[in-house]
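Dropping model_37.pdb in here (PDB, C-alpha atoms):
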```pdb
ATOM      1  CA  MET Y 300      79.536 131.568 109.112  1.00  0.00           C
ATOM      2  CA  ALA Y 301      81.368 129.602 106.450  1.00  0.00           C
ATOM      3  CA  GLN Y 302      80.357 126.594 104.370  1.00  0.00           C
ATOM      4  CA  VAL Y 303      83.479 124.420 104.639  1.00  0.00           C
ATOM      5  CA  ILE Y 304      84.169 121.586 102.204  1.00  0.00           C
ATOM      6  CA  PHE Y 305      86.289 119.268 104.329  1.00  0.00           C
ATOM      7  CA  PHE Y 306      88.262 116.445 102.697  1.00  0.00           C
ATOM      8  CA  GLU Y 307      89.045 113.805 105.298  1.00  0.00           C
ATOM      9  CA  LYS Y 308      89.958 110.210 105.897  1.00  0.00           C
ATOM     10  CA  PRO Y 309      86.581 108.801 106.965  1.00  0.00           C
ATOM     11  CA  GLY Y 310      86.659 107.486 110.512  1.00  0.00           C
ATOM     12  CA  CYS Y 311      89.769 109.431 111.526  1.00  0.00           C
ATOM     13  CA  GLN Y 312      89.306 110.804 115.042  1.00  0.00           C
ATOM     14  CA  GLY Y 313      91.702 113.674 114.324  1.00  0.00           C
ATOM     15  CA  ASN Y 314      89.447 114.792 111.461  1.00  0.00           C
ATOM     16  CA  GLN Y 315      86.403 114.274 113.726  1.00  0.00           C
ATOM     17  CA  ARG Y 316      87.882 116.667 116.325  1.00  0.00           C
ATOM     18  CA  GLN Y 317      88.667 119.223 113.626  1.00  0.00           C
ATOM     19  CA  LYS Y 318      85.135 119.097 112.214  1.00  0.00           C
ATOM     20  CA  ALA Y 319      83.714 119.441 115.734  1.00  0.00           C
ATOM     21  CA  LEU Y 320      85.776 122.616 116.278  1.00  0.00           C
ATOM     22  CA  LEU Y 321      84.513 124.090 113.014  1.00  0.00           C
ATOM     23  CA  ALA Y 322      80.906 123.234 113.894  1.00  0.00           C
ATOM     24  CA  ALA Y 323      81.294 124.667 117.421  1.00  0.00           C
ATOM     25  CA  ALA Y 324      82.470 127.905 115.805  1.00  0.00           C
ATOM     26  CA  GLY Y 325      79.235 127.999 113.808  1.00  0.00           C
ATOM     27  CA  HIS Y 326      80.544 126.775 110.471  1.00  0.00           C
ATOM     28  CA  THR Y 327      78.752 124.205 108.332  1.00  0.00           C
ATOM     29  CA  VAL Y 328      81.022 121.303 107.435  1.00  0.00           C
ATOM     30  CA  HIS Y 329      80.491 119.306 104.251  1.00  0.00           C
ATOM     31  CA  ALA Y 330      82.722 116.259 104.769  1.00  0.00           C
ATOM     32  CA  ARG Y 331      84.085 114.390 101.765  1.00  0.00           C
ATOM     33  CA  SER Y 332      86.362 111.388 101.598  1.00  0.00           C
ATOM     34  CA  LEU Y 333      89.907 111.945 100.358  1.00  0.00           C
ATOM     35  CA  LYS Y 334      89.843 108.347  99.122  1.00  0.00           C
ATOM     36  CA  ALA Y 335      86.560 108.636  97.200  1.00  0.00           C
ATOM     37  CA  GLU Y 336      87.275 111.960  95.495  1.00  0.00           C
ATOM     38  CA  ALA Y 337      88.226 111.787  91.803  1.00  0.00           C
ATOM     39  CA  TRP Y 338      91.424 113.808  92.199  1.00  0.00           C
ATOM     40  CA  THR Y 339      93.259 115.325  89.260  1.00  0.00           C
ATOM     41  CA  ALA Y 340      96.675 116.946  89.242  1.00  0.00           C
ATOM     42  CA  GLU Y 341      95.004 120.332  88.727  1.00  0.00           C
ATOM     43  CA  GLY Y 342      92.626 119.734  91.623  1.00  0.00           C
ATOM     44  CA  LEU Y 343      95.445 118.875  93.989  1.00  0.00           C
ATOM     45  CA  ILE Y 344      97.609 121.772  92.826  1.00  0.00           C
ATOM     46  CA  ALA Y 345      94.718 124.139  93.646  1.00  0.00           C
ATOM     47  CA  PHE Y 346      95.148 123.079  97.285  1.00  0.00           C
ATOM     48  CA  LEU Y 347      98.851 122.288  97.492  1.00  0.00           C
ATOM     49  CA  GLY Y 348     100.514 124.515  94.902  1.00  0.00           C
ATOM     50  CA  ARG Y 349     101.580 127.345  97.235  1.00  0.00           C
ATOM     51  CA  LEU Y 350     103.338 124.963  99.605  1.00  0.00           C
ATOM     52  CA  PRO Y 351     106.752 123.335  99.192  1.00  0.00           C
ATOM     53  CA  VAL Y 352     106.382 119.747  97.920  1.00  0.00           C
ATOM     54  CA  PRO Y 353     107.381 118.119 101.240  1.00  0.00           C
ATOM     55  CA  GLU Y 354     104.468 119.909 102.968  1.00  0.00           C
ATOM     56  CA  TRP Y 355     101.999 118.210 100.602  1.00  0.00           C
ATOM     57  CA  PHE Y 356     102.461 114.927 102.433  1.00  0.00           C
ATOM     58  CA  ASN Y 357     100.978 113.439 105.555  1.00  0.00           C
ATOM     59  CA  ARG Y 358     104.281 112.875 107.382  1.00  0.00           C
ATOM     60  CA  SER Y 359     102.606 110.273 109.589  1.00  0.00           C
ATOM     61  CA  ALA Y 360     101.526 108.023 106.735  1.00  0.00           C
ATOM     62  CA  PRO Y 361     103.053 104.588 107.288  1.00  0.00           C
ATOM     63  CA  ALA Y 362     104.932 104.581 103.959  1.00  0.00           C
ATOM     64  CA  ILE Y 363     106.619 107.841 104.953  1.00  0.00           C
ATOM     65  CA  LYS Y 364     107.234 106.863 108.585  1.00  0.00           C
ATOM     66  CA  LEU Y 365     108.783 103.595 107.430  1.00  0.00           C
ATOM     67  CA  GLY Y 366     111.058 105.387 104.933  1.00  0.00           C
ATOM     68  CA  GLN Y 367     109.446 103.923 101.816  1.00  0.00           C
ATOM     69  CA  ILE Y 368     108.692 107.444 100.544  1.00  0.00           C
ATOM     70  CA  ASP Y 369     110.871 110.499 101.160  1.00  0.00           C
ATOM     71  CA  PRO Y 370     108.825 113.659 100.444  1.00  0.00           C
ATOM     72  CA  ASP Y 371     111.995 115.772 100.675  1.00  0.00           C
ATOM     73  CA  ALA Y 372     113.469 113.974  97.648  1.00  0.00           C
ATOM     74  CA  LEU Y 373     110.481 114.379  95.294  1.00  0.00           C
ATOM     75  CA  ASP Y 374     109.819 116.868  92.541  1.00  0.00           C
ATOM     76  CA  VAL Y 375     106.328 118.162  91.702  1.00  0.00           C
ATOM     77  CA  ARG Y 376     105.648 115.499  89.057  1.00  0.00           C
ATOM     78  CA  GLN Y 377     106.753 112.611  91.279  1.00  0.00           C
ATOM     79  CA  ALA Y 378     104.800 113.950  94.255  1.00  0.00           C
ATOM     80  CA  LEU Y 379     101.587 114.426  92.285  1.00  0.00           C
ATOM     81  CA  SER Y 380     101.883 110.919  90.875  1.00  0.00           C
ATOM     82  CA  LEU Y 381     102.201 109.413  94.369  1.00  0.00           C
ATOM     83  CA  LEU Y 382      99.346 111.505  95.805  1.00  0.00           C
ATOM     84  CA  LEU Y 383      97.012 110.658  92.939  1.00  0.00           C
ATOM     85  CA  GLU Y 384      97.869 106.979  93.312  1.00  0.00           C
ATOM     86  CA  ASN Y 385      97.320 107.002  97.100  1.00  0.00           C
ATOM     87  CA  PRO Y 386      95.277 109.955  98.417  1.00  0.00           C
ATOM     88  CA  LEU Y 387      95.933 108.889 102.019  1.00  0.00           C
ATOM     89  CA  LEU Y 388      99.438 110.299 101.525  1.00  0.00           C
ATOM     90  CA  ILE Y 389      97.907 113.792 101.204  1.00  0.00           C
ATOM     91  CA  ARG Y 390      98.289 116.020 104.240  1.00  0.00           C
ATOM     92  CA  ARG Y 391      94.837 116.489 105.665  1.00  0.00           C
ATOM     93  CA  PRO Y 392      92.385 117.894 105.982  1.00  0.00           C
ATOM     94  CA  LEU Y 393      92.013 119.771 102.748  1.00  0.00           C
ATOM     95  CA  MET Y 394      89.465 122.537 103.308  1.00  0.00           C
ATOM     96  CA  GLN Y 395      87.748 124.887 100.910  1.00  0.00           C
ATOM     97  CA  VAL Y 396      85.529 127.903 101.482  1.00  0.00           C
ATOM     98  CA  GLY Y 397      84.458 129.491  98.206  1.00  0.00           C
ATOM     99  CA  ASP Y 398      87.603 129.759  96.096  1.00  0.00           C
ATOM    100  CA  GLU Y 399      89.966 129.774  99.099  1.00  0.00           C
ATOM    101  CA  ARG Y 400      91.724 126.580 100.156  1.00  0.00           C
ATOM    102  CA  MET Y 401      93.741 125.387 103.133  1.00  0.00           C
ATOM    103  CA  VAL Y 402      95.885 122.332 103.819  1.00  0.00           C
ATOM    104  CA  GLY Y 403      96.171 120.885 107.331  1.00  0.00           C
ATOM    105  CA  PHE Y 404      94.542 122.175 110.497  1.00  0.00           C
ATOM    106  CA  ASP Y 405      96.703 124.785 112.151  1.00  0.00           C
ATOM    107  CA  THR Y 406      94.260 126.331 114.630  1.00  0.00           C
ATOM    108  CA  ALA Y 407      95.803 129.813 114.401  1.00  0.00           C
ATOM    109  CA  ALA Y 408      95.660 129.751 110.592  1.00  0.00           C
ATOM    110  CA  VAL Y 409      92.073 128.438 110.580  1.00  0.00           C
ATOM    111  CA  ASP Y 410      91.068 131.105 113.100  1.00  0.00           C
ATOM    112  CA  ALA Y 411      92.639 133.848 110.956  1.00  0.00           C
ATOM    113  CA  TRP Y 412      91.026 132.407 107.816  1.00  0.00           C
ATOM    114  CA  ILE Y 413      87.410 131.764 108.835  1.00  0.00           C
ATOM    115  CA  GLY Y 414      87.402 132.199 112.607  1.00  0.00           C
ATOM    116  CA  LEU Y 415      87.084 129.746 115.449  1.00  0.00           C
ATOM    117  CA  ARG Y 416      84.958 132.263 117.391  1.00  0.00           C
ATOM    118  CA  GLY Y 417      86.470 131.735 120.823  1.00  0.00           C
ATOM    119  CA  VAL Y 418      85.986 127.946 120.766  1.00  0.00           C
ATOM    120  CA  GLU Y 419      88.084 126.279 123.453  1.00  0.00           C
ATOM    121  CA  LEU Y 420      90.931 124.537 121.672  1.00  0.00           C
ATOM    122  CA  PRO Y 421      92.010 121.065 122.777  1.00  0.00           C
ATOM    123  CA  GLN Y 422      95.471 120.372 124.162  1.00  0.00           C
ATOM    124  CA  GLY Y 423      98.034 118.701 121.960  1.00  0.00           C
ATOM    125  CA  ASN Y 424      98.309 118.253 118.226  1.00  0.00           C
ATOM    126  CA  ILE Y 425      94.884 118.789 116.640  1.00  0.00           C
ATOM    127  CA  GLU Y 426      96.179 117.151 113.446  1.00  0.00           C
ATOM    128  CA  ALA Y 427      96.966 113.904 115.286  1.00  0.00           C
ATOM    129  CA  CYS Y 428      94.814 110.812 114.947  1.00  0.00           C
ATOM    130  CA  VAL Y 429      93.916 109.246 118.283  1.00  0.00           C
ATOM    131  CA  HIS Y 430      94.113 105.499 118.857  1.00  0.00           C
ATOM    132  CA  GLY Y 431      93.447 103.157 121.712  1.00  0.00           C
ATOM    133  CA  SER Y 432      96.227 101.161 123.296  1.00  0.00           C
ATOM    134  CA  HIS Y 433      95.657  98.087 121.126  1.00  0.00           C
ATOM    135  CA  PRO Y 434      96.388  97.915 117.358  1.00  0.00           C
ATOM    136  CA  SER Y 435      92.902  96.638 116.602  1.00  0.00           C
ATOM    137  CA  SER Y 436      91.365  99.679 118.284  1.00  0.00           C
ATOM    138  CA  ALA Y 437      92.397 102.024 115.469  1.00  0.00           C
ATOM    139  CA  SER Y 438      89.594 104.540 115.471  1.00  0.00           C
ATOM    140  CA  CYS Y 439      90.521 106.329 112.277  1.00  0.00           C
ATOM    141  CA  GLY Y 440      89.150 103.556 110.125  1.00  0.00           C
ATOM    142  CA  ALA Y 441      92.568 102.143 109.301  1.00  0.00           C
ATOM    143  CA  THR Y 442      93.099  98.423 109.253  1.00  0.00           C
ATOM    144  CA  ALA Y 443      96.216  96.315 109.486  1.00  0.00           C
ATOM    145  CA  THR Y 444      95.916  95.455 105.802  1.00  0.00           C
ATOM    146  CA  GLU Y 445      95.501  99.115 104.824  1.00  0.00           C
ATOM    147  CA  ASN Y 446      98.435 100.547 106.734  1.00  0.00           C
ATOM    148  CA  GLY Y 447     100.567  97.580 107.686  1.00  0.00           C
ATOM    149  CA  ALA Y 448     101.112  95.812 110.973  1.00  0.00           C
ATOM    150  CA  ASP Y 449     102.891  98.826 112.448  1.00  0.00           C
ATOM    151  CA  HIS Y 450      99.704 100.937 112.329  1.00  0.00           C
ATOM    152  CA  ALA Y 451      99.343 101.482 116.081  1.00  0.00           C
ATOM    153  CA  ARG Y 452     103.037 102.304 116.418  1.00  0.00           C
ATOM    154  CA  VAL Y 453     102.970 105.040 113.772  1.00  0.00           C
ATOM    155  CA  GLY Y 454     100.566 107.277 115.660  1.00  0.00           C
ATOM    156  CA  THR Y 455      99.140 109.919 113.374  1.00  0.00           C
ATOM    157  CA  HIS Y 456      98.597 109.061 109.745  1.00  0.00           C
TER
END
```
Represent the structure contained in this file as structure tokens.
Amino acid sequence: MAQVIFFEKPGCQGNQRQKALLAAAGHTVHARSLKAEAWTAEGLIAFLGRLPVPEWFNRSAPAIKLGQIDPDALDVRQALSLLLENPLLIRRPLMQVGDERMVGFDTAAVDAWIGLRGVELPQGNIEACVHGSHPSSASCGATATENGADHARVGTH
């Protein structure tokens, strides 16, 4: 079984479900906060470098959903600057096993990479963050001041 370093947004229910799947498959998950990590450009490139720049971003982040940031219009330098300034813009989770790294939680890719060992996969988008029906019930740890008043309307972030 793998020792998985798992960079997450603390409190995010989507990340909680992902970690639970890894644990159910027998992996040991070492969760770390995306926000608390001392990211460098080199550190991010180690995870993101093989992907096109637009795939580096959490498309459900409020700034992206609201059109304040357009990942499709950014070059590598601009993208790294934004991600280093606000790590919650990074597509998550970032996972590492040994020297191998993965961005996002595509169940088929994770299964091919380290195995999900026949764990029953949940319905729907496993990368989505789940919220209650009221904006103040945001279970991912987001607050109105962190993500803006439209937090509940944006869905995943």
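Comparing the minimum interatomic distances between Leu388 of chain Y and each of Y:Lys364, Y:Arg400, Y:Arg349, Y:Arg376, counting all atoms listed in the file, we find that Y:Lys364 sits nearest.
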* If you count all atoms listed in the file, which residues fall within 8 Å of segment 316-333 of chain Y, apart from same-chain ones fewer than 5 positions away, as number ranges by chain? -> Y: 300-309, 386-387, 404, 414-418, 420, 425-426
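Minimum atom-to-atom distance to Leu350 of chain Y, evaluated using only C-alpha atoms, belongs to Y:Met401 out of Y:Met401, Y:Ala411, Y:Val396, Y:Leu383.
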* To do: Please evaluate the PyMOL selection byres ((chain Y and resi 354-358) around 12) against the structure above and give the resulting residues as a VMD selection string.
  => chain Y and resid 307 to 308 343 to 353 359 to 371 373 to 375 377 to 379 381 to 383 385 to 393 401 to 404 426 to 428 453 to 456
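With atom CA of Ser380 of chain Y on one side and atom CA of Gly313 of chain Y on the other, the separation reads 25.7 Å.
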For segment 300-312 of chain Y, I'd like the enclosing box, axis-aligned and padded by 3 Å on every side, reported as AutoDock Vina command-line options with centre and edge lengths in Å to one decimal.
```
--center_x 84.7 --center_y 119.5 --center_z 108.6 --size_x 16.4 --size_y 30.1 --size_z 18.8
```
* To do: Would you work out the distance separating atom CA of Gly310 of chain Y from atom CA of Ala407 of chain Y, expressed in Å to one decimal?
  =>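 Between atom CA of Gly310 of chain Y and atom CA of Ala407 of chain Y the gap works out to 24.4 Å.
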Pull all heavy atoms for segment 332-343 of chain Y from the block and write them as a JSON list (two decimals), in the first residue's frame.
```json
[["chain", "number", "residue", "atom", "x", "y", "z"],
["Y", 332, "SER", "N", -2.15, 20.95, 4.27],
["Y", 332, "SER", "CA", -2.93, 22.08, 3.79],
["Y", 332, "SER", "C", -2.26, 22.75, 2.60],
["Y", 332, "SER", "O", -1.09, 23.13, 2.68],
["Y", 332, "SER", "CB", -3.11, 23.09, 4.92],
["Y", 332, "SER", "OG", -3.67, 24.28, 4.42],
["Y", 333, "LEU", "N", -3.03, 22.94, 1.53],
["Y", 333, "LEU", "CA", -2.54, 23.72, 0.39],
["Y", 333, "LEU", "C", -2.18, 25.14, 0.83],
["Y", 333, "LEU", "O", -1.22, 25.73, 0.35],
["Y", 333, "LEU", "CB", -3.61, 23.82, -0.69],
["Y", 333, "LEU", "CG", -3.67, 22.78, -1.77],
["Y", 333, "LEU", "CD1", -4.87, 23.00, -2.65],
["Y", 333, "LEU", "CD2", -2.40, 22.75, -2.59],
["Y", 334, "LYS", "N", -3.00, 25.68, 1.75],
["Y", 334, "LYS", "CA", -2.82, 27.06, 2.18],
["Y", 334, "LYS", "C", -1.59, 27.24, 3.08],
["Y", 334, "LYS", "O", -0.97, 28.28, 3.07],
["Y", 334, "LYS", "CB", -4.06, 27.54, 2.94],
["Y", 334, "LYS", "CG", -5.28, 27.67, 2.06],
["Y", 334, "LYS", "CD", -6.59, 27.83, 2.82],
["Y", 334, "LYS", "CE", -6.57, 28.82, 3.92],
["Y", 334, "LYS", "NZ", -7.89, 29.06, 4.53],
["Y", 335, "ALA", "N", -1.25, 26.22, 3.85],
["Y", 335, "ALA", "CA", -0.15, 26.34, 4.82],
["Y", 335, "ALA", "C", 1.20, 25.96, 4.23],
["Y", 335, "ALA", "O", 2.23, 26.29, 4.80],
["Y", 335, "ALA", "CB", -0.44, 25.47, 6.04],
["Y", 336, "GLU", "N", 1.20, 25.29, 3.09],
["Y", 336, "GLU", "CA", 2.45, 24.85, 2.48],
["Y", 336, "GLU", "C", 3.23, 26.07, 1.96],
["Y", 336, "GLU", "O", 2.65, 27.00, 1.42],
["Y", 336, "GLU", "CB", 2.15, 23.89, 1.33],
["Y", 336, "GLU", "CG", 3.34, 23.19, 0.77],
["Y", 336, "GLU", "CD", 3.95, 22.16, 1.70],
["Y", 336, "GLU", "OE1", 3.28, 21.71, 2.65],
["Y", 336, "GLU", "OE2", 5.11, 21.79, 1.47],
["Y", 337, "ALA", "N", 4.55, 26.03, 2.11],
["Y", 337, "ALA", "CA", 5.41, 27.10, 1.60],
["Y", 337, "ALA", "C", 5.76, 26.79, 0.14],
["Y", 337, "ALA", "O", 6.85, 26.30, -0.16],
["Y", 337, "ALA", "CB", 6.66, 27.22, 2.46],
["Y", 338, "TRP", "N", 4.82, 27.05, -0.75],
["Y", 338, "TRP", "CA", 5.01, 26.70, -2.16],
["Y", 338, "TRP", "C", 6.07, 27.57, -2.82],
["Y", 338, "TRP", "O", 6.21, 28.74, -2.52],
["Y", 338, "TRP", "CB", 3.68, 26.86, -2.92],
["Y", 338, "TRP", "CG", 2.67, 25.85, -2.51],
["Y", 338, "TRP", "CD1", 1.54, 26.07, -1.78],
["Y", 338, "TRP", "CD2", 2.69, 24.45, -2.80],
["Y", 338, "TRP", "NE1", 0.87, 24.89, -1.58],
["Y", 338, "TRP", "CE2", 1.54, 23.88, -2.20],
["Y", 338, "TRP", "CE3", 3.56, 23.62, -3.49],
["Y", 338, "TRP", "CZ2", 1.25, 22.53, -2.28],
["Y", 338, "TRP", "CZ3", 3.27, 22.26, -3.57],
["Y", 338, "TRP", "CH2", 2.13, 21.72, -2.97],
["Y", 339, "THR", "N", 6.78, 26.96, -3.74],
["Y", 339, "THR", "CA", 7.72, 27.67, -4.62],
["Y", 339, "THR", "C", 7.28, 27.35, -6.05],
["Y", 339, "THR", "O", 6.52, 26.40, -6.28],
["Y", 339, "THR", "CB", 9.16, 27.17, -4.43],
["Y", 339, "THR", "OG1", 9.22, 25.78, -4.80],
["Y", 339, "THR", "CG2", 9.62, 27.36, -2.98],
["Y", 340, "ALA", "N", 7.78, 28.14, -6.98],
["Y", 340, "ALA", "CA", 7.47, 27.86, -8.39],
["Y", 340, "ALA", "C", 7.94, 26.46, -8.76],
["Y", 340, "ALA", "O", 7.22, 25.71, -9.42],
["Y", 340, "ALA", "CB", 8.13, 28.92, -9.28],
["Y", 341, "GLU", "N", 9.13, 26.08, -8.31],
["Y", 341, "GLU", "CA", 9.67, 24.76, -8.63],
["Y", 341, "GLU", "C", 8.81, 23.65, -8.03],
["Y", 341, "GLU", "O", 8.58, 22.61, -8.66],
["Y", 341, "GLU", "CB", 11.12, 24.63, -8.14],
["Y", 341, "GLU", "CG", 12.10, 25.57, -8.81],
["Y", 341, "GLU", "CD", 12.04, 27.01, -8.26],
["Y", 341, "GLU", "OE1", 11.54, 27.23, -7.13],
["Y", 341, "GLU", "OE2", 12.47, 27.92, -8.99],
["Y", 342, "GLY", "N", 8.34, 23.86, -6.81],
["Y", 342, "GLY", "CA", 7.50, 22.87, -6.16],
["Y", 342, "GLY", "C", 6.18, 22.66, -6.89],
["Y", 342, "GLY", "O", 5.72, 21.53, -7.04],
["Y", 343, "LEU", "N", 5.58, 23.76, -7.34],
["Y", 343, "LEU", "CA", 4.34, 23.64, -8.09],
["Y", 343, "LEU", "C", 4.56, 23.01, -9.46],
["Y", 343, "LEU", "O", 3.77, 22.16, -9.90],
["Y", 343, "LEU", "CB", 3.67, 25.00, -8.25],
["Y", 343, "LEU", "CG", 2.94, 25.52, -7.03],
["Y", 343, "LEU", "CD1", 2.38, 26.92, -7.29],
["Y", 343, "LEU", "CD2", 1.84, 24.58, -6.59]]
```
